[in-house]
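Undergrad: Take a look at query-v6.csv, CSV, C-alpha atoms:
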```csv
chain,number,residue,atom,x,y,z
A,376,MET,CA,-223.3,-32.3,109.7
A,377,ALA,CA,-224.2,-35.9,109.0
A,378,VAL,CA,-221.4,-38.3,107.9
A,379,ARG,CA,-223.4,-39.4,104.8
A,380,MET,CA,-224.5,-36.9,102.3
A,381,THR,CA,-228.2,-36.4,102.7
A,382,LYS,CA,-229.1,-33.8,100.1
A,383,ALA,CA,-231.7,-34.5,97.5
A,384,TRP,CA,-230.6,-35.9,94.1
A,385,ARG,CA,-230.7,-33.5,91.2
A,386,PRO,CA,-230.8,-34.5,87.5
A,387,LEU,CA,-227.4,-34.3,85.8
A,388,GLU,CA,-228.4,-31.9,83.1
A,389,ALA,CA,-227.1,-28.5,81.9
A,390,ALA,CA,-230.0,-26.5,83.3
A,391,SER,CA,-229.5,-27.8,86.8
A,392,ILE,CA,-225.7,-27.6,86.7
A,393,ASN,CA,-225.7,-24.0,85.5
A,394,GLN,CA,-227.4,-23.0,88.8
A,395,LEU,CA,-224.4,-24.3,90.9
A,396,PRO,CA,-221.9,-22.0,92.5
A,397,GLY,CA,-218.3,-21.9,91.3
A,398,GLN,CA,-217.3,-22.9,94.8
A,399,LEU,CA,-215.2,-25.7,96.3
A,400,GLY,CA,-216.9,-28.8,97.6
A,401,VAL,CA,-217.7,-32.5,97.1
A,402,TYR,CA,-220.2,-34.2,94.9
A,403,GLN,CA,-221.6,-37.7,94.2
A,404,ILE,CA,-222.9,-39.1,90.9
A,405,ALA,CA,-225.5,-41.8,90.9
A,406,ASP,CA,-227.4,-43.8,88.3
A,407,VAL,CA,-231.2,-43.5,87.7
A,408,ALA,CA,-231.9,-45.8,90.7
A,409,GLY,CA,-229.8,-43.7,93.1
A,410,GLU,CA,-226.9,-46.1,93.3
A,411,ILE,CA,-223.7,-44.0,93.9
A,412,LEU,CA,-221.2,-44.6,91.1
A,413,TYR,CA,-218.6,-41.9,91.9
A,414,ILE,CA,-217.6,-39.6,94.7
A,415,SER,CA,-215.2,-36.7,94.0
A,416,PHE,CA,-214.5,-33.0,94.7
A,417,ALA,CA,-214.0,-29.6,93.2
A,418,GLY,CA,-210.8,-28.3,94.6
A,419,GLY,CA,-208.5,-25.4,94.3
A,420,ARG,CA,-207.4,-26.4,90.8
A,421,SER,CA,-211.0,-27.0,89.5
A,422,LEU,CA,-212.0,-24.5,86.9
A,423,PHE,CA,-215.3,-22.9,88.0
A,424,GLY,CA,-215.5,-25.2,91.1
A,425,LEU,CA,-218.5,-27.5,91.4
A,426,ARG,CA,-220.2,-26.2,88.4
A,427,GLY,CA,-217.1,-26.8,86.2
A,428,GLU,CA,-216.6,-30.3,87.6
A,429,LEU,CA,-220.2,-31.3,87.0
A,430,GLN,CA,-220.2,-29.9,83.5
A,431,SER,CA,-217.3,-32.1,82.8
A,432,GLN,CA,-219.1,-35.1,84.2
A,433,LEU,CA,-222.2,-34.3,82.1
A,434,GLU,CA,-220.1,-34.0,78.9
A,435,ALA,CA,-218.3,-37.3,79.6
A,436,ARG,CA,-221.3,-39.4,80.7
A,437,ASP,CA,-224.4,-38.1,79.1
A,438,PRO,CA,-224.2,-35.0,76.8
A,439,ASP,CA,-227.8,-35.1,75.9
A,440,GLY,CA,-229.1,-35.9,79.4
A,441,SER,CA,-231.0,-39.0,78.4
A,442,LYS,CA,-229.4,-41.6,80.7
A,443,GLY,CA,-230.9,-40.3,83.9
A,444,PHE,CA,-227.7,-39.7,85.9
A,445,GLN,CA,-228.1,-37.7,89.1
A,446,TYR,CA,-225.8,-35.7,91.3
A,447,ARG,CA,-225.7,-34.0,94.7
A,448,VAL,CA,-223.2,-31.5,96.1
A,449,GLU,CA,-222.0,-30.0,99.3
A,450,VAL,CA,-220.1,-26.7,99.3
A,451,ASN,CA,-217.2,-27.3,101.7
A,452,THR,CA,-213.8,-25.7,102.0
A,453,SER,CA,-212.4,-28.8,103.7
A,454,TYR,CA,-213.2,-30.7,100.5
A,455,GLN,CA,-210.3,-33.2,100.8
A,456,THR,CA,-211.3,-34.3,104.3
A,457,ARG,CA,-215.0,-34.5,103.4
A,458,TYR,CA,-214.2,-36.4,100.2
A,459,ARG,CA,-212.3,-39.1,102.2
A,460,GLU,CA,-215.1,-39.1,104.8
A,461,LEU,CA,-217.7,-39.8,102.2
A,462,LEU,CA,-215.6,-42.6,100.7
A,463,MET,CA,-215.1,-44.2,104.1
A,464,ALA,CA,-218.8,-44.0,104.9
A,465,TYR,CA,-219.7,-45.6,101.6
A,466,GLN,CA,-217.1,-48.3,102.2
A,467,HIS,CA,-218.5,-49.0,105.7
A,468,ASP,CA,-222.0,-49.3,104.4
A,469,THR,CA,-221.3,-51.5,101.3
A,470,GLY,CA,-217.9,-53.1,102.0
A,471,ASP,CA,-216.3,-51.5,98.9
A,472,LEU,CA,-215.8,-48.2,97.2
A,473,PRO,CA,-218.1,-46.8,94.5
A,474,ALA,CA,-217.6,-48.6,91.2
A,475,GLU,CA,-215.8,-45.7,89.5
A,476,ASN,CA,-213.6,-44.9,92.5
A,477,ARG,CA,-212.2,-48.5,92.8
A,478,ALA,CA,-209.6,-48.1,90.1
A,479,ASN,CA,-207.9,-45.1,91.7
A,480,PRO,CA,-208.6,-44.9,95.4
A,481,PRO,CA,-206.9,-42.2,97.5
A,482,PRO,CA,-203.8,-43.5,99.3
A,483,ASN,CA,-204.1,-44.5,103.0
A,484,LEU,CA,-207.9,-44.3,103.1
A,485,GLY,CA,-208.9,-45.1,106.7
A,486,ARG,CA,-212.0,-46.6,108.1
A,487,ILE,CA,-214.8,-45.1,110.1
A,488,SER,CA,-217.8,-46.5,111.9
A,489,PRO,CA,-220.6,-43.9,111.5
A,490,ALA,CA,-223.7,-44.2,113.6
```
Would it be possible to restate this file's structure as structure tokens?
TA:
Amino acid sequence: MAVRMTKAWRPLEAASINQLPGQLGVYQIADVAGEILYISFAGGRSLFGLRGELQSQLEARDPDGSKGFQYRVEVNTSYQTRYRELLMAYQHDTGDLPAENRANPPPNLGRISPA
């Protein structure tokens, strides 16, 4: 598995989200240009897993789907580790965390040097 998430972006809209599994995993939210705004996860306490988390994101960001937000997901039972890995890779690439992760970063986030 690549350190960076490489899956294709999908539109953050109800029709797309309803096809998602109710499984554990990680996700990224991006703007219309593909700039990552937020990285998070659907964990053991997430109601309906990835589908539920992304439905919440849609409701909070763009209920009518007109702003062009995008998302991508990875089903992963080691979601905490993968979440931190994605944050560290983003930080390595850009020098900072995604805009919406800066206010509440996970404690003791390490550093990686992906190839």
Undergrad: Choose the residue, out of A:Leu387, A:Asn393, A:Ala478, A:Leu425, that has the smallest atom-to-atom separation from Val448 of chain A; count all atoms listed in the file.
TA: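 Going through A:Leu387, A:Asn393, A:Ala478, A:Leu425 one by one, the smallest distance to Val448 of chain A is for A:Leu425.
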Undergrad: Which residue, A:Arg385, A:Arg486, A:Lys442, A:Arg420, has the smallest gap to Ala464 of chain A when you use only C-alpha atoms?
TA: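 Result for the nearest residue to Ala464 of chain A: A:Arg486.
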Undergrad: Distance table requested - segment 389-443 of chain A against segment 455-458 of chain A, cut-off 9 Å, all atoms listed in the file: one row per qualifying residue with the closest atom pair and its distance in Å to one decimal, ordered by chain and rising residue number, as a Markdown table.
TA:
```
| residue | atom | partner | partner_atom | distance |
| --- | --- | --- | --- | --- |
| A:Gly400 | CA | A:Arg457 | CA | 8.4 |
| A:Val401 | CA | A:Tyr458 | CA | 6.1 |
| A:Tyr402 | CA | A:Tyr458 | CA | 8.3 |
| A:Ile414 | CA | A:Tyr458 | CA | 7.2 |
| A:Ser415 | CA | A:Tyr458 | CA | 6.3 |
| A:Phe416 | CA | A:Tyr458 | CA | 6.5 |
| A:Gly418 | CA | A:Gln455 | CA | 7.9 |
```
Undergrad: Between atom CA of Asp468 of chain A and atom CA of Ser421 of chain A, what is the distance in Å, rounded to a tenth?
TA: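 Distance reported for this atom pair: 29.0 Å.
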Undergrad: Rounded to one decimal place, report the atom CA of Ala474 of chain A-atom CA of Leu461 of chain A distance in Å.
TA: 14.1 Å
Undergrad: Hey, which of A:Trp384, A:Ala377, A:Ala435, A:Gly397 ends up closest to Arg447 of chain A? Count all atoms listed in the file.
TA: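 The shortest atom-to-atom distance to Arg447 of chain A comes from A:Trp384.
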Undergrad: Name the closest residue to Glu449 of chain A among the candidates A:Leu433, A:Met380, A:Ile411, A:Leu422; distances are taken between atoms, counting all atoms listed in the file.
TA: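 Closest candidate: A:Met380.
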Undergrad: Nearest residue to Gly424 of chain A out of A:Leu484, A:Val378, A:Ile392, A:Leu462, using all atoms listed in the file?
TA: A:Ile392
Undergrad: Choose the residue, out of A:Asn483, A:Gln398, A:Asn476, A:Ser488, that has the smallest atom-to-atom separation from Gly427 of chain A; count only C-alpha atoms.
TA: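 Looking only at the distances to Gly427 of chain A, the closest residue turns out to be A:Gln398.
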Undergrad: Just the number, please: distance in Å from atom CA of Tyr454 of chain A to atom CA of Pro438 of chain A, one decimal.
TA: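 The value is 26.5 Å.
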